[in-house]
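The file query25.cif contains mmCIF, C-alpha atoms and all ligand atoms:
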```
data_input
loop_
_atom_site.label_atom_id
_atom_site.label_comp_id
_atom_site.auth_asym_id
_atom_site.auth_seq_id
_atom_site.Cartn_x
_atom_site.Cartn_y
_atom_site.Cartn_z
CA MET A 170 26.93 0.98 -48.84
CA PHE A 171 29.02 2.54 -45.98
CA GLY A 172 25.92 3.12 -43.91
CA PHE A 173 24.30 5.41 -46.49
CA GLN A 174 20.85 3.88 -46.10
CA GLU A 175 20.93 3.96 -42.30
CA LEU A 176 22.02 7.60 -42.31
CA LEU A 177 19.25 8.54 -44.73
CA LEU A 178 16.76 6.80 -42.47
CA ASN A 179 18.18 8.83 -39.53
CA PHE A 180 17.78 11.99 -41.62
CA LEU A 181 14.11 11.10 -42.13
CA PHE A 182 13.68 10.77 -38.34
CA LEU A 183 15.23 14.21 -37.88
CA ILE A 184 12.88 15.74 -40.44
CA ILE A 185 9.85 14.16 -38.74
CA PHE A 186 10.71 14.92 -35.11
CA ILE A 187 12.63 18.18 -35.45
CA LEU A 188 10.75 19.88 -38.26
CA PHE A 189 7.42 18.26 -38.95
CA ILE A 190 6.03 17.69 -35.43
CA PRO A 191 7.14 21.09 -33.97
CA ILE A 192 5.74 22.86 -37.06
CA ILE A 193 2.39 21.07 -36.68
CA LEU A 194 2.39 22.11 -33.00
CA GLU A 195 3.13 25.70 -33.99
CA ILE A 196 0.33 25.85 -36.57
CA HIS A 197 -2.48 23.94 -34.86
CA TYR A 198 -1.84 24.47 -31.17
CA THR A 199 -1.17 28.19 -31.00
CA LYS A 200 -2.72 28.52 -27.57
CA ILE A 201 -0.48 26.24 -25.50
CA SER A 202 1.75 28.01 -22.99
CA ILE A 203 5.41 28.73 -23.75
CA ARG A 204 6.51 26.27 -21.04
CA LYS A 205 4.38 23.44 -22.36
CA ARG A 206 5.56 24.18 -25.88
CA PHE A 207 9.20 24.05 -24.70
CA TRP A 208 8.71 20.60 -23.17
CA LEU A 209 6.76 19.28 -26.14
CA HIS A 210 9.57 20.41 -28.47
CA ASN A 211 12.17 18.76 -26.25
CA LEU A 212 10.11 15.58 -26.12
CA SER A 213 9.98 15.53 -29.91
CA TYR A 214 13.76 16.15 -30.17
CA SER A 215 14.33 13.32 -27.64
CA LEU A 216 12.26 11.01 -29.86
CA ALA A 217 14.52 12.04 -32.76
CA ILE A 218 17.56 11.03 -30.69
CA LEU A 219 15.92 7.77 -29.58
CA SER A 220 14.94 6.74 -33.12
CA CYS A 221 18.44 7.54 -34.44
CA ILE A 222 19.98 5.39 -31.69
CA CYS A 223 17.55 2.54 -32.49
CA PHE A 224 18.53 2.45 -36.20
CA PRO A 225 22.27 3.06 -36.32
CA ILE A 226 25.20 1.76 -38.39
CA GLN A 227 27.06 -0.96 -36.53
CA ILE A 228 30.81 -0.24 -36.80
CA MET A 229 32.02 -3.02 -34.52
CA GLU A 230 30.59 -4.99 -31.61
CA GLY A 231 28.90 -2.51 -29.25
CA TYR A 232 29.94 0.52 -31.30
CA VAL A 233 27.41 2.41 -33.42
CA PHE A 234 27.16 5.64 -35.43
CA ASP A 235 24.03 7.65 -36.19
CA LEU A 236 22.74 11.24 -36.45
CA ARG A 237 21.74 11.71 -32.79
CA LEU A 238 24.33 14.49 -32.41
CA VAL A 239 22.57 16.56 -35.09
CA ALA A 240 19.37 16.47 -33.01
CA LEU A 241 21.31 17.39 -29.87
CA THR A 242 23.09 20.25 -31.66
CA PHE A 243 19.86 21.63 -33.12
CA GLY A 244 17.82 21.33 -29.90
CA GLY A 245 20.66 22.75 -27.79
CA LEU A 246 21.27 25.75 -30.02
CA TYR A 247 17.60 26.74 -30.21
CA GLY A 248 16.54 25.73 -26.71
CA GLY A 249 19.50 26.92 -24.58
CA ILE A 250 20.80 25.47 -21.35
CA TYR A 251 17.68 23.52 -20.24
CA SER A 252 17.37 21.82 -23.61
CA ILE A 253 21.07 21.01 -23.60
CA LEU A 254 20.75 19.34 -20.19
CA THR A 255 17.56 17.47 -21.13
CA LEU A 256 18.68 16.32 -24.56
CA GLY A 257 22.26 15.57 -23.44
CA GLY A 258 20.83 13.49 -20.57
CA ALA A 259 18.39 11.73 -22.91
CA THR A 260 21.19 10.89 -25.38
CA VAL A 261 23.38 9.36 -22.68
CA ILE A 262 20.51 7.40 -21.05
CA PHE A 263 19.21 6.01 -24.37
CA ARG A 264 22.72 5.02 -25.40
CA LEU A 265 23.44 3.38 -22.02
CA ILE A 266 20.28 1.31 -22.38
CA VAL A 267 21.49 0.02 -25.78
CA GLY A 268 24.86 -0.85 -24.11
CA GLY A 269 28.31 -1.75 -25.48
CA SER A 270 31.66 0.04 -25.28
CA GLY A 271 30.34 2.97 -27.36
CA ALA A 272 28.18 4.09 -24.40
CA THR A 273 31.21 5.53 -22.58
CA ALA A 274 32.36 7.19 -25.80
CA THR A 275 28.92 8.82 -26.08
CA LEU A 276 29.28 10.25 -22.58
CA ILE A 277 32.58 11.95 -23.54
CA VAL A 278 31.26 13.31 -26.86
CA VAL A 279 28.01 14.56 -25.31
CA MET A 280 29.88 16.36 -22.54
CA LEU A 281 32.25 18.11 -24.95
CA LEU A 282 29.43 19.05 -27.34
CA SER A 283 27.23 20.30 -24.46
CA ILE A 284 29.99 22.67 -23.29
CA LEU A 285 30.27 24.09 -26.82
CA LEU A 286 26.49 24.41 -27.08
CA VAL A 287 26.22 26.27 -23.76
CA LEU A 288 28.93 28.69 -24.90
CA LEU A 289 27.41 29.31 -28.32
CA SER A 290 23.62 29.05 -28.02
CA ASN A 291 23.10 32.70 -27.00
CA ARG A 292 25.22 33.95 -29.84
CA PHE A 293 23.48 31.57 -32.24
CA MET A 294 20.03 32.92 -31.36
CA LYS A 295 21.12 36.48 -32.10
CA SER A 296 22.56 35.62 -35.54
CA SER A 297 20.97 36.05 -38.96
CA ARG A 298 19.57 33.07 -40.84
CA ASN A 299 22.72 32.44 -42.91
CA LYS A 300 25.02 32.77 -39.91
CA LYS A 301 22.83 30.31 -38.01
CA VAL A 302 23.21 27.78 -40.81
CA ILE A 303 27.00 28.27 -40.85
CA LEU A 304 27.39 28.17 -37.06
CA GLY A 305 25.08 25.15 -36.65
CA THR A 306 26.79 23.23 -39.45
CA THR A 307 30.25 24.00 -38.06
CA LEU A 308 29.22 22.75 -34.63
CA SER A 309 27.74 19.61 -36.15
CA LEU A 310 30.98 19.04 -38.07
CA LEU A 311 32.95 19.49 -34.87
CA ALA A 312 30.69 17.03 -33.04
CA ALA A 313 31.09 14.49 -35.86
CA VAL A 314 34.90 14.88 -35.84
CA ILE A 315 35.01 14.51 -32.03
CA ALA A 316 32.87 11.36 -32.29
CA LEU A 317 35.12 9.91 -35.03
CA LEU A 318 38.39 10.76 -33.23
CA ASN A 319 37.01 9.49 -29.96
CA SER A 320 36.08 6.14 -31.46
CA THR A 321 39.40 5.62 -33.24
CA LEU A 322 41.88 7.10 -30.75
CA LEU A 323 40.30 6.13 -27.42
CA PHE A 324 38.31 3.05 -28.30
CA GLY A 325 40.40 1.59 -31.12
CA ALA A 326 37.66 1.38 -33.75
CA THR A 327 38.81 0.96 -37.35
CA LEU A 328 36.76 3.07 -39.70
CA ASN A 329 36.45 2.84 -43.44
CA ILE A 330 37.43 6.13 -45.12
CA LEU A 331 34.32 6.06 -47.35
CA PHE A 332 32.16 5.65 -44.26
CA ILE A 333 33.87 8.67 -42.63
CA ILE A 334 33.22 10.80 -45.71
CA THR A 335 29.57 9.68 -45.99
CA TYR A 336 28.99 10.27 -42.27
CA ILE A 337 30.46 13.78 -42.36
CA ILE A 338 28.64 14.80 -45.55
CA ILE A 339 25.23 13.58 -44.34
CA THR A 340 25.76 15.18 -40.90
CA LEU A 341 26.61 18.51 -42.52
CA THR A 342 23.81 18.50 -45.07
CA SER A 343 21.15 17.39 -42.63
CA THR A 344 22.08 20.13 -40.12
CA ALA A 345 22.19 22.81 -42.81
CA VAL A 346 18.87 21.72 -44.39
CA ILE A 347 17.05 21.45 -41.06
CA ILE A 348 18.23 24.83 -39.71
CA TYR A 349 17.50 26.53 -43.05
CA LEU A 350 13.97 25.13 -43.33
CA TYR A 351 13.20 25.86 -39.67
CA GLU A 352 14.31 29.48 -40.12
CA ILE A 353 12.23 29.98 -43.27
CA PHE A 354 9.20 28.57 -41.52
CA ASN A 355 9.73 30.82 -38.47
CA GLU A 356 10.09 33.87 -40.67
CA SER A 357 6.80 33.16 -42.41
CA ILE A 358 5.03 32.82 -39.04
CA LEU A 359 6.55 36.14 -37.95
CA ILE A 360 5.41 37.88 -41.14
CA LYS A 361 1.89 36.55 -40.60
CA LYS A 362 1.85 37.89 -37.02
CA ARG A 363 3.05 41.30 -38.24
CA LEU A 364 0.34 41.36 -40.90
CA LEU A 365 -2.33 40.69 -38.29
CA ARG A 366 -0.97 43.48 -36.12
CA ALA A 367 -0.83 45.90 -39.06
CA GLU A 368 -4.44 45.18 -39.93
CA LYS A 369 -5.46 45.79 -36.33
CA MET A 370 -3.61 49.11 -36.21
CA GLU A 371 -5.39 50.12 -39.39
CA ILE A 372 -8.83 49.53 -37.90
CA VAL A 373 -7.83 51.04 -34.52
CA SER A 374 -6.81 54.30 -36.15
CA HIS A 375 -9.84 54.33 -38.43
CA LEU A 376 -12.24 53.87 -35.53
CA ALA A 377 -10.42 56.44 -33.39
CA SER A 378 -11.45 59.36 -35.59
CA SER A 379 -15.14 58.42 -35.72
CA ILE A 380 -15.23 57.61 -32.02
CA SER A 381 -13.63 60.85 -30.89
CA HIS A 382 -16.32 62.59 -32.90
CA GLU A 383 -18.97 60.54 -31.12
CA VAL A 384 -17.52 61.29 -27.68
CA ARG A 385 -17.37 65.01 -28.35
CA ASN A 386 -21.17 65.21 -28.76
CA PRO A 387 -22.05 64.12 -25.21
CA LEU A 388 -19.34 66.41 -23.87
CA THR A 389 -20.88 69.38 -25.68
CA VAL A 390 -24.32 68.49 -24.32
CA VAL A 391 -22.99 68.21 -20.75
CA LYS A 392 -21.09 71.46 -21.06
CA GLY A 393 -24.30 73.24 -22.21
CA PHE A 394 -26.27 71.91 -19.23
CA LEU A 395 -23.54 72.88 -16.79
CA GLN A 396 -23.60 76.41 -18.17
CA ILE A 397 -27.37 76.57 -17.73
CA MET A 398 -27.04 75.31 -14.17
CA LEU A 399 -24.68 78.15 -13.36
CA GLN A 400 -27.84 80.24 -13.12
CA THR A 401 -28.74 80.17 -9.44
CA ASP A 402 -32.49 80.70 -9.92
CA LEU A 403 -33.07 77.42 -11.76
CA PRO A 404 -35.98 75.37 -10.30
CA LEU A 405 -34.88 72.17 -8.54
CA LYS A 406 -36.87 69.85 -10.85
CA GLU A 407 -35.29 71.29 -13.99
CA ARG A 408 -31.85 71.15 -12.39
CA ASN A 409 -32.34 67.44 -11.60
CA ASP A 410 -33.50 66.70 -15.15
CA TYR A 411 -30.40 68.38 -16.54
CA LEU A 412 -28.20 66.47 -14.13
CA ASN A 413 -29.79 63.15 -15.11
CA ILE A 414 -29.38 63.82 -18.82
CA SER A 415 -25.76 64.82 -18.22
CA ILE A 416 -25.05 61.59 -16.32
CA ASP A 417 -26.61 59.53 -19.14
CA GLU A 418 -24.51 61.33 -21.71
CA ILE A 419 -21.32 60.81 -19.71
CA ASN A 420 -22.16 57.12 -19.26
CA ARG A 421 -22.60 56.74 -22.98
CA ALA A 422 -19.27 58.39 -23.72
CA ASN A 423 -17.66 56.21 -21.07
CA GLU A 424 -19.10 53.05 -22.62
CA ILE A 425 -17.79 53.90 -26.07
CA ILE A 426 -14.32 54.59 -24.73
CA THR A 427 -14.29 51.41 -22.61
CA ASP A 428 -15.29 49.25 -25.57
CA TYR A 429 -12.72 50.94 -27.73
CA LEU A 430 -9.99 50.31 -25.18
CA ILE A 431 -10.95 46.66 -24.76
CA PHE A 432 -10.40 46.30 -28.46
CA ALA A 433 -7.39 48.58 -28.94
CA LYS A 434 -5.30 47.71 -25.92
CA PRO A 435 -2.63 45.23 -26.85
CA SER A 436 -2.75 42.53 -24.21
CA PRO A 437 -2.06 38.80 -24.26
CA GLU A 438 -5.40 37.08 -24.31
CA LYS A 439 -6.90 33.93 -22.95
CA GLU A 440 -9.72 32.01 -24.48
CA LYS A 441 -12.92 32.26 -22.44
CA VAL A 442 -16.63 31.67 -22.76
CA LEU A 443 -18.22 34.64 -24.52
CA ASN A 444 -21.84 35.67 -24.90
CA ILE A 445 -22.70 36.53 -28.49
CA LYS A 446 -25.29 39.08 -27.39
CA GLU A 447 -22.71 41.07 -25.41
CA GLU A 448 -20.12 40.82 -28.15
CA ILE A 449 -22.53 42.11 -30.78
CA GLN A 450 -23.51 44.97 -28.47
CA ARG A 451 -19.83 45.87 -28.12
CA THR A 452 -19.27 45.77 -31.87
CA CYS A 453 -22.32 47.94 -32.42
CA ASN A 454 -21.05 50.51 -29.90
CA LEU A 455 -17.79 50.67 -31.79
CA ILE A 456 -19.13 50.68 -35.30
CA SER A 457 -22.19 52.91 -34.81
CA PRO A 458 -20.25 56.20 -34.98
CA LEU A 459 -18.98 55.11 -38.41
CA ALA A 460 -22.48 54.05 -39.46
CA ASN A 461 -24.02 57.30 -38.17
CA MET A 462 -21.65 59.36 -40.25
CA LYS A 463 -22.93 57.60 -43.38
CA GLY A 464 -26.61 57.56 -42.33
CA ILE A 465 -26.66 53.78 -42.06
CA GLU A 466 -29.05 52.06 -39.70
CA ILE A 467 -28.00 49.11 -37.57
CA GLU A 468 -30.52 46.44 -36.58
CA THR A 469 -29.77 43.57 -34.23
CA GLU A 470 -31.70 40.45 -33.32
CA THR A 471 -29.73 38.40 -30.83
CA GLN A 472 -30.12 35.97 -27.96
CA ASP A 473 -27.86 34.77 -25.13
CA LEU A 474 -25.76 32.06 -26.78
CA TYR A 475 -22.32 31.06 -25.59
CA PHE A 476 -19.16 30.10 -27.46
CA LYS A 477 -15.44 29.98 -26.79
CA GLY A 478 -12.95 32.54 -28.04
CA GLU A 479 -10.59 35.41 -27.35
CA GLU A 480 -12.58 38.61 -26.94
CA GLN A 481 -10.23 41.02 -28.73
CA SER A 482 -9.71 38.71 -31.69
CA PHE A 483 -13.42 38.05 -32.02
CA GLN A 484 -14.12 41.79 -31.83
CA GLN A 485 -11.59 42.34 -34.57
CA CYS A 486 -13.30 39.70 -36.72
CA LEU A 487 -16.75 41.29 -36.28
CA LEU A 488 -15.36 44.78 -36.83
CA ASN A 489 -13.57 43.79 -40.04
CA ILE A 490 -16.76 42.28 -41.47
CA THR A 491 -19.17 45.01 -40.32
CA LYS A 492 -16.77 47.74 -41.46
CA ASN A 493 -16.74 46.19 -44.94
CA CYS A 494 -20.55 46.13 -44.91
CA ILE A 495 -20.70 49.80 -43.99
CA GLU A 496 -18.15 50.65 -46.64
CA ALA A 497 -20.18 48.76 -49.24
CA MET A 498 -23.19 51.02 -48.65
CA GLN A 499 -23.49 54.52 -50.09
CA ASN A 500 -25.26 56.98 -47.78
CA THR A 501 -28.20 55.14 -46.22
CA GLY A 502 -28.65 51.42 -45.95
CA LEU A 503 -29.24 48.73 -43.37
CA LEU A 504 -26.70 46.64 -41.50
CA LYS A 505 -28.39 43.64 -39.89
CA ILE A 506 -26.83 41.36 -37.30
CA LYS A 507 -28.78 38.25 -36.35
CA THR A 508 -28.06 35.14 -34.33
CA LYS A 509 -29.65 31.68 -34.50
CA MET A 510 -29.07 28.26 -33.03
CA VAL A 511 -28.69 25.61 -35.70
CA ASN A 512 -27.78 21.97 -34.87
CA HIS A 513 -25.90 22.83 -31.67
CA ASN A 514 -24.01 25.52 -33.53
CA LEU A 515 -24.25 29.25 -33.29
CA LEU A 516 -25.12 30.85 -36.62
CA LEU A 517 -24.33 34.53 -36.89
CA ILE A 518 -25.70 36.33 -39.93
CA ILE A 519 -24.35 39.74 -40.86
CA SER A 520 -25.98 41.35 -43.87
CA ASP A 521 -25.87 44.66 -45.66
CA THR A 522 -27.82 46.35 -48.45
CA GLY A 523 -24.67 47.49 -50.21
CA LYS A 524 -23.19 47.14 -53.64
CA GLY A 525 -22.56 43.38 -53.38
CA MET A 526 -19.91 41.29 -55.09
CA ASN A 527 -19.67 39.36 -58.33
CA LYS A 528 -18.64 35.68 -58.52
CA GLU A 529 -14.96 36.43 -58.99
CA GLN A 530 -14.88 38.82 -56.04
CA ILE A 531 -16.63 36.26 -53.81
CA SER A 532 -14.12 33.58 -54.75
CA ARG A 533 -11.21 35.91 -54.01
CA LEU A 534 -12.58 37.02 -50.65
CA GLY A 535 -10.00 36.30 -47.93
CA GLU A 536 -7.09 36.30 -50.36
CA PRO A 537 -4.34 38.53 -48.92
CA TYR A 538 -4.20 41.99 -50.54
CA PHE A 539 -7.39 41.48 -52.55
CA THR A 540 -9.19 44.81 -52.44
CA THR A 541 -11.47 46.80 -54.71
CA LYS A 542 -10.94 49.98 -52.70
CA GLY A 543 -7.65 51.05 -54.27
CA ARG A 544 -5.44 52.99 -51.89
CA GLU A 545 -8.22 53.13 -49.29
CA GLY A 546 -8.14 49.35 -48.75
CA THR A 547 -5.57 46.97 -47.34
CA GLY A 548 -7.11 43.75 -48.60
CA LEU A 549 -6.29 42.08 -45.29
CA GLY A 550 -9.53 42.50 -43.34
CA MET A 551 -11.32 39.41 -44.61
CA MET A 552 -8.19 37.27 -44.43
CA VAL A 553 -7.81 38.16 -40.76
CA ALA A 554 -11.51 37.59 -40.06
CA ILE A 555 -11.51 34.16 -41.70
CA ASN A 556 -8.30 33.22 -39.85
CA ILE A 557 -9.89 34.13 -36.53
CA ILE A 558 -13.07 32.19 -37.26
CA GLU A 559 -11.10 29.11 -38.33
CA SER A 560 -8.95 29.29 -35.21
CA MET A 561 -12.23 29.06 -33.26
CA ASN A 562 -13.16 25.89 -35.20
CA GLY A 563 -15.84 27.76 -37.09
CA ASN A 564 -16.42 28.64 -40.72
CA LEU A 565 -17.59 31.53 -42.83
CA SER A 566 -19.66 31.50 -45.97
CA VAL A 567 -20.87 34.34 -48.16
CA GLU A 568 -23.88 35.05 -50.35
CA SER A 569 -23.88 38.19 -52.41
CA GLU A 570 -25.79 39.81 -55.22
CA LEU A 571 -24.58 42.82 -57.16
CA ASN A 572 -26.32 46.06 -56.18
CA LYS A 573 -28.56 44.20 -53.71
CA GLY A 574 -26.31 43.32 -50.79
CA THR A 575 -24.22 40.71 -49.06
CA ASN A 576 -24.88 38.12 -46.34
CA PHE A 577 -22.08 36.68 -44.23
CA TYR A 578 -22.85 33.43 -42.37
CA ILE A 579 -20.54 32.59 -39.48
CA CYS A 580 -20.96 29.21 -37.86
CA LEU A 581 -19.35 28.61 -34.45
CA PRO A 582 -19.52 25.67 -32.04
CA LEU A 583 -21.75 26.42 -29.05
CA VAL A 584 -20.68 25.73 -25.48
CA GLU A 585 -22.66 25.35 -22.25
CA ASN A 586 -22.44 28.32 -19.94
CA ASP A 587 -21.87 27.30 -16.34
P1 LIG B 1 -10.42 46.01 -47.74
O1 LIG B 1 -11.67 46.29 -46.97
O2 LIG B 1 -9.24 46.70 -47.20
O3 LIG B 1 -10.57 46.21 -49.21
P2 LIG B 1 -11.02 43.29 -47.03
O4 LIG B 1 -10.21 42.06 -46.97
O5 LIG B 1 -11.72 43.71 -45.78
O6 LIG B 1 -10.10 44.46 -47.57
O7 LIG B 1 -12.10 43.11 -48.16
C1 LIG B 1 -11.68 42.68 -49.46
C2 LIG B 1 -12.67 43.05 -50.53
O8 LIG B 1 -13.83 42.26 -50.41
C3 LIG B 1 -13.15 44.48 -50.48
O9 LIG B 1 -12.27 45.35 -51.14
C4 LIG B 1 -14.51 44.38 -51.18
O10 LIG B 1 -14.33 44.42 -52.59
C5 LIG B 1 -14.98 42.98 -50.87
N1 LIG B 1 -15.98 43.01 -49.80
C6 LIG B 1 -15.81 42.63 -48.53
N2 LIG B 1 -16.94 42.76 -47.82
C7 LIG B 1 -17.88 43.24 -48.67
C8 LIG B 1 -19.27 43.58 -48.54
N3 LIG B 1 -19.93 43.47 -47.39
N4 LIG B 1 -19.90 44.04 -49.67
C9 LIG B 1 -19.25 44.17 -50.83
N5 LIG B 1 -17.95 43.85 -51.02
C10 LIG B 1 -17.25 43.39 -49.96
MG MG B 2 -12.04 45.76 -44.97
#
```
Give the structure from this file in structure tokens form.
Amino acid sequence: MFGFQELLLNFLFLIIFILFIPIILEIHYTKISIRKRFWLHNLSYSLAILSCICFPIQIMEGYVFDLRLVALTFGGLYGGIYSILTLGGATVIFRLIVGGSGATATLIVVMLLSILLVLLSNRFMKSSRNKKVILGTTLSLLAAVIALLNSTLLFGATLNILFIITYIIITLTSTAVIIYLYEIFNESILIKKRLLRAEKMEIVSHLASSISHEVRNPLTVVKGFLQIMLQTDLPLKERNDYLNISIDEINRANEIITDYLIFAKPSPEKEKVLNIKEEIQRTCNLISPLANMKGIEIETETQDLYFKGEEQSFQQCLLNITKNCIEAMQNTGLLKIKTKMVNHNLLLIISDTGKGMNKEQISRLGEPYFTTKGREGTGLGMMVAINIIESMNGNLSVESELNKGTNFYICLPLVEND
């Protein structure tokens, strides 16, 4: 029926190669570089163009219609000049391989559309979601009209009016639907990134107050010793002792600040091999001021085991969990952090002797905004922690008993350290 089925099949190709595959890439391969991502997207868009060209509507001998221009319009608008050149080139080459008089027509249409895309892609990227849909659809309409006029005026094709209407309607709807869905998906990814950042800011500011308190103590000690040393008649041995204590105190303060900065500094991170023993030590340095203020003891039992991850993210994960443990305990208690090797995996056990959780609370753990701390809580800490663990191909499980305490089990794949 006027090419309706073929066009719907083309629409399916567009959904698969323009929406589905890039979205899967975005969700599961977050760590690939921007350049690689750009080329993978363009490869997927080129496959969209190729599949449309392979399943077209035959109008007359050597002359075909399909939705390849929608893929070119979409890829060109979002990708800019390099995508326009790549996808425009791919369209022409694929079409030339298929052959027939329509190949020359494609060259003309692609050139005209590419000029429009180059002129408009910058403006498109700066527009709001609705404007993007309108601009993209208008361009697609223009491309369809150019293709139709080109085929009738220059190449003498005779087109059925119902075909023309079907072709234009499906071109317009597919462009509008694809741009709209792509935008909604991008917005949700952006919101998630902002949430993660907000949660990090929350913990950064919370730690800052307890850490500045912890750094002030060594400074006071050092100041006292310096004042004593102002006395000229101090014996050399005593003077050396004071100097050594002062250096130790300064080193301690320095360590706390360094660890804090490693965590707080916003910097793009690379995955590397981490040692669980060092990471736990870092977390303890950061969290111990908070624990000290509440009279909570921290006990660790760790060994050198190696795994892959981003240091800042992993620190944030450990901090979110240990901070919850500390918050679950009322003045005094024990926070235990233990590591084990189980079936080539690293098992990290974090346990507290706090108020525990009931069944409903355990099942809701990790749900965004689930908190029992009222205005004090954000309800994002566990969600972020679980996200980080899952992105490292690990998993988290919980055991908890009311008024007894909670155990968190984190399982991560081990790697060899070389
Ligand atoms: P927040 O700490 O801001 O409330 P989280 O996502 O970090 O948000 O934690 C969600 C909820 O899970 C907490 O409000 C608390 O009820 C529960 N929870 C998390 N960890 C523990 C723990 N170690 N002991 C008891 N309850 C916990
Ligand atoms: Mg929390």
Near-ligand residues for ligand MG 2 (chain B), threshold 10 Å, all atoms listed in the file, as a short mmCIF file (atom, residue, chain, number, x, y, z; two decimals) with C-alpha atoms, in the coordinates of the input:
```cif
data_model
loop_
_atom_site.label_atom_id
_atom_site.label_comp_id
_atom_site.auth_asym_id
_atom_site.auth_seq_id
_atom_site.Cartn_x
_atom_site.Cartn_y
_atom_site.Cartn_z
CA GLU A 368 -4.44 45.18 -39.93
CA GLU A 371 -5.39 50.12 -39.39
CA ILE A 372 -8.83 49.53 -37.90
CA LEU A 488 -15.36 44.78 -36.83
CA ASN A 489 -13.57 43.79 -40.04
CA ILE A 490 -16.76 42.28 -41.47
CA THR A 491 -19.17 45.01 -40.32
CA LYS A 492 -16.77 47.74 -41.46
CA ASN A 493 -16.74 46.19 -44.94
CA CYS A 494 -20.55 46.13 -44.91
CA ILE A 495 -20.70 49.80 -43.99
CA GLU A 496 -18.15 50.65 -46.64
CA ALA A 497 -20.18 48.76 -49.24
CA PHE A 539 -7.39 41.48 -52.55
CA THR A 540 -9.19 44.81 -52.44
CA THR A 541 -11.47 46.80 -54.71
CA LYS A 542 -10.94 49.98 -52.70
CA GLU A 545 -8.22 53.13 -49.29
CA GLY A 546 -8.14 49.35 -48.75
CA THR A 547 -5.57 46.97 -47.34
CA GLY A 548 -7.11 43.75 -48.60
CA LEU A 549 -6.29 42.08 -45.29
CA GLY A 550 -9.53 42.50 -43.34
CA MET A 551 -11.32 39.41 -44.61
CA MET A 552 -8.19 37.27 -44.43
CA VAL A 553 -7.81 38.16 -40.76
CA ALA A 554 -11.51 37.59 -40.06
#
```
Return as JSON the box centre and box size in Å, one decimal, for an axis-aligned box around all listed atoms of ligand LIG 1 (chain B) padded by 8 Å per side.
```
{"center_x": -14.6, "center_y": 44.4, "center_z": -49.2, "size_x": 26.7, "size_y": 20.6, "size_z": 22.8}
```
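We find atom CA of A:Asn514 and atom CA of A:Glu440 to be spaced 18.1 Å apart.
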Please list as a count of residues only every residue within 9 Å of A:Arg264, counting only C-alpha atoms and excluding residues in the same chain fewer than 3 positions away. 13
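A straight line drawn from atom O9 of ligand LIG 1 (chain B) to atom CA of A:Lys509 is 27.7 Å long.
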Test item: residues at most 7 Å from stretch 519-533 of chain A, only C-alpha atoms, excluding those fewer than 6 positions along its chain, as a list in words: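 Within the cut-off, the hits are Cys494, Ala497, Met498, Gly502, Leu503, Leu504, Lys505, Ile506, Lys507, Phe539, Ser569, Glu570, Leu571, Asn572, Lys573, Gly574, Thr575, Asn576, Phe577 and Tyr578 of chain A.
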Selection near A:Ala240, 10 Å with all atoms listed in the file, sequence-local residues under 4 positions removed, as a count of residues only: 24
Find the residues near A:Leu459: any atom within 9 Å, counting only C-alpha atoms, skip ones fewer than 4 places away on the same chain, and give them as a PyMOL selection string. chain A and resi 376+379-380+455+463-465+492+495
How many Å separate atom CA of A:Ile185 from atom CA of A:Gly248?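 Separation of atom CA of A:Ile185 and atom CA of A:Gly248: 18.0 Å.
With only C-alpha atoms as the basis for measurement, A:Asn179 is the residue among A:Thr342, A:Gln499, A:Asn179, A:Ser320 that approaches A:Pro225 most closely.
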